[in-house]
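Chemist: Dropping a structure here in structure tokens format, bear with me for questions.
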Amino acid sequence: MKVLNFGSLNLDYVYSVDHMVAEGETLAAGGMNTFCGGKGLNQSIALAKAGVPVYHAGLIGEEGKSLLDACRENGVHTDFIRKIPGKGGHTIIQVDKSGQNCILLYGGANRSMTREFIDEVLSHFEKGDYLLLQNEVNLVDYMVDQAYEKGMEIILNPSPFDRNLEACDLSKISLFLMNEIEGWQITGEKEPERILEKLRELYPEARTVLTLGGDGSVYQDQEHQYRQGIFPVETRDTTAAGDTFTGYFISSMIQHMPAPAGLETAAKAAAIAVSRDGATASIPTREEVMRFQAE
């Protein structure tokens, strides 16, 4: 069994601000750092740090060497990462004094996937392997269809939700990992219980993890529902918290942990991540999470 993450690779330009910039406002930043990120890269590194061998597939631009280095330094397989001419994906991130952020995303190379590249990558995987997807790359619908035909288990984090996801046959998804906003965008429901009910009605074969911010998270399958609270810490930067949660929950599932234990582990990993600056740099190792559990 192999895990393939077909996802984005971004450079994150992070600015420290007193508050988020308002319309028409010019605001001086108190500091600036550049980090490796992208939902795809973050989740691959979270999986690798959680102990899961993961292959990342994606495209980088002319300034992307540091992204390739970040994968290798963190144990992510880079066999299916290709460099293309032009600019790569990047973000401009404001982080305020409370650690909250807002993000401007430019797709760049991430939006240059071709069907030929996808077919070539998927030819190395087979029935029973896992495919992890987000929505920061193009042709996600094609990836879903092709992986489903091969009998792969498809995991979708539908973020950021946009019109492109409407082209996907979501009945082919094995596991959804989403927040309340994405749950509302998919189901039209705003209350967490109604979101979960609607997802079970629409996609009865799928498992779902719904994250609820300060209210923790909920897992449901056809027969069970489990809840997990957060672990309060001093928040510095929430940028990769959701991706850390995603990577650690998936790792728990692959390692055959019960769902409640998986939620707990993922919540603790996310708590460590929000207490640190940066995206990939904030993701803890499995040993750090286990020490956190012991404390």
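Convention: chains lettered A, B, ... in structure tokens order; per-chain residue numbering from 1; ligands numbered from 1 as shown.
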Within 7 Å of range 33-49 of chain A, counting only C-alpha atoms, which residues qualify if same-chain residues fewer than 4 places away don't, as a PyMOL selection string?
Modeler: chain A and resi 5-15+53-54+56+67+71+74-76+134+240+243-244+246-248+251+278-280+283-286
Chemist: Show me, as an NGL selection string, the residues that have an atom within 9 Å of Met178 in chain A when counting only C-alpha atoms, minus same-chain residues fewer than 2 positions from it.
Modeler: :A and (156-159 or 176 or 180-183 or 208-211 or 242 or 246)
Chemist: Please run DSSP on the backbone and report, as a compact mmCIF listing (two decimals) with N, CA, C and O atoms, in the first residue's frame, all residues within range 141-195 of chain A that come out as strand (DSSP E or B).
Modeler:
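Result went into out-v3.txt, see below:
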```
# COMPACT_ATOMS: atom_id res chain seq x y z
N GLU A 153 -8.10 4.34 -2.90
CA GLU A 153 -8.89 5.01 -1.86
C GLU A 153 -8.61 6.51 -1.97
O GLU A 153 -7.46 6.94 -1.88
N ILE A 154 -9.65 7.30 -2.16
CA ILE A 154 -9.48 8.74 -2.43
C ILE A 154 -9.88 9.55 -1.21
O ILE A 154 -11.01 9.42 -0.70
N ILE A 155 -8.96 10.38 -0.75
CA ILE A 155 -9.18 11.27 0.40
C ILE A 155 -9.19 12.70 -0.12
O ILE A 155 -8.26 13.11 -0.83
N LEU A 156 -10.22 13.46 0.21
CA LEU A 156 -10.34 14.83 -0.30
C LEU A 156 -10.47 15.83 0.84
O LEU A 156 -11.33 15.71 1.71
N LEU A 175 -12.96 9.39 1.94
CA LEU A 175 -12.87 10.15 3.19
C LEU A 175 -12.83 11.63 2.88
O LEU A 175 -11.99 12.07 2.08
N PHE A 176 -13.73 12.39 3.49
CA PHE A 176 -13.69 13.85 3.43
C PHE A 176 -13.07 14.39 4.71
O PHE A 176 -13.41 13.94 5.81
N LEU A 177 -12.18 15.38 4.57
CA LEU A 177 -11.70 16.15 5.72
C LEU A 177 -11.96 17.61 5.40
O LEU A 177 -11.38 18.16 4.44
N MET A 178 -12.83 18.25 6.17
CA MET A 178 -13.25 19.62 5.84
C MET A 178 -13.57 20.40 7.09
O MET A 178 -13.78 19.84 8.17
N ASN A 179 -13.63 21.74 6.94
CA ASN A 179 -14.08 22.58 8.04
C ASN A 179 -15.53 22.97 7.82
O ASN A 179 -16.17 22.56 6.84
```
Chemist: Have a look at A:Val289, A:Ala57, A:Ile84, A:Ile93 and name the one nearest to Val17 in chain A; count only C-alpha atoms.
Modeler: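 That would be A:Ile93, the residue with the smallest distance to Val17 in chain A.
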Chemist: What's the separation between CA of Glu205 in chain A and CA of Tyr148 in chain A, in Å to one decimal place?
Modeler: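 Computing the Euclidean distance for CA of Glu205 in chain A and CA of Tyr148 in chain A yields 13.9 Å.
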Chemist: Could you find all residues in range 208-261 of chain A that DSSP calls helix (DSSP H, G or I) from the backbone, and write them as a VMD selection string?
Modeler: chain A and resid 213 to 215 241 to 254 259 to 261
Chemist: Would you output that residue set with C-alpha atoms, as a compact mmCIF listing (two decimals), in the first residue's frame?
Modeler:
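This is the output file part-v9.txt:
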```
# COMPACT_ATOMS: atom_id res chain seq x y z
CA GLY A 213 -12.27 25.44 15.16
CA GLY A 214 -12.36 26.02 18.89
CA ASP A 215 -15.07 23.37 19.25
CA ALA A 241 -2.83 23.77 11.68
CA GLY A 242 -5.54 22.26 9.49
CA ASP A 243 -3.00 20.55 7.24
CA THR A 244 -1.20 19.13 10.28
CA PHE A 245 -4.50 17.79 11.60
CA THR A 246 -5.26 16.26 8.19
CA GLY A 247 -1.87 14.56 7.85
CA TYR A 248 -1.95 13.12 11.35
CA PHE A 249 -5.52 11.86 11.09
CA ILE A 250 -4.79 10.14 7.79
CA SER A 251 -1.67 8.58 9.30
CA SER A 252 -3.75 7.22 12.18
CA MET A 253 -6.20 5.68 9.75
CA ILE A 254 -3.43 4.06 7.67
CA ALA A 259 -11.07 6.84 15.01
CA PRO A 260 -11.28 8.43 18.51
CA ALA A 261 -7.54 7.89 19.05
```
Chemist: Can you tell me, as an MDAnalysis selection string, what residues are no more than 12 Å from Gln94 in chain A when counting only C-alpha atoms, ignoring any on the same chain fewer than 2 positions away?
Modeler: chainID A and resid 12:22 27:33 91:92 96:105 237:239 278
Chemist: Excluding same-chain residues fewer than 3 positions from Ile60 in chain A, what lies within 6 Å of it counting only C-alpha atoms, as a ChimeraX atom specification?
Modeler: /A:64,83,88,109
Chemist: Keeping N, CA, C and O atoms for every residue in the selection just given, could you write it to a file as a short mmCIF file (atom, residue, chain, number, x, y, z; two decimals), in the first residue's frame?
Modeler:
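What landed in part-v3.cif:
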```
data_model
loop_
_atom_site.label_atom_id
_atom_site.label_comp_id
_atom_site.auth_asym_id
_atom_site.auth_seq_id
_atom_site.Cartn_x
_atom_site.Cartn_y
_atom_site.Cartn_z
N GLY A 64 11.60 27.19 -7.34
CA GLY A 64 11.07 26.14 -6.48
C GLY A 64 12.05 25.17 -5.87
O GLY A 64 11.63 24.20 -5.23
N LYS A 83 9.80 20.29 -12.45
CA LYS A 83 10.01 21.74 -12.58
C LYS A 83 9.61 22.17 -13.98
O LYS A 83 9.96 21.53 -14.96
N GLY A 88 6.22 29.70 -9.83
CA GLY A 88 5.53 28.68 -9.06
C GLY A 88 4.42 29.27 -8.23
O GLY A 88 4.18 30.49 -8.23
N ALA A 109 2.58 27.43 -11.05
CA ALA A 109 2.82 26.10 -11.60
C ALA A 109 1.79 25.08 -11.13
O ALA A 109 1.49 24.11 -11.84
#
```
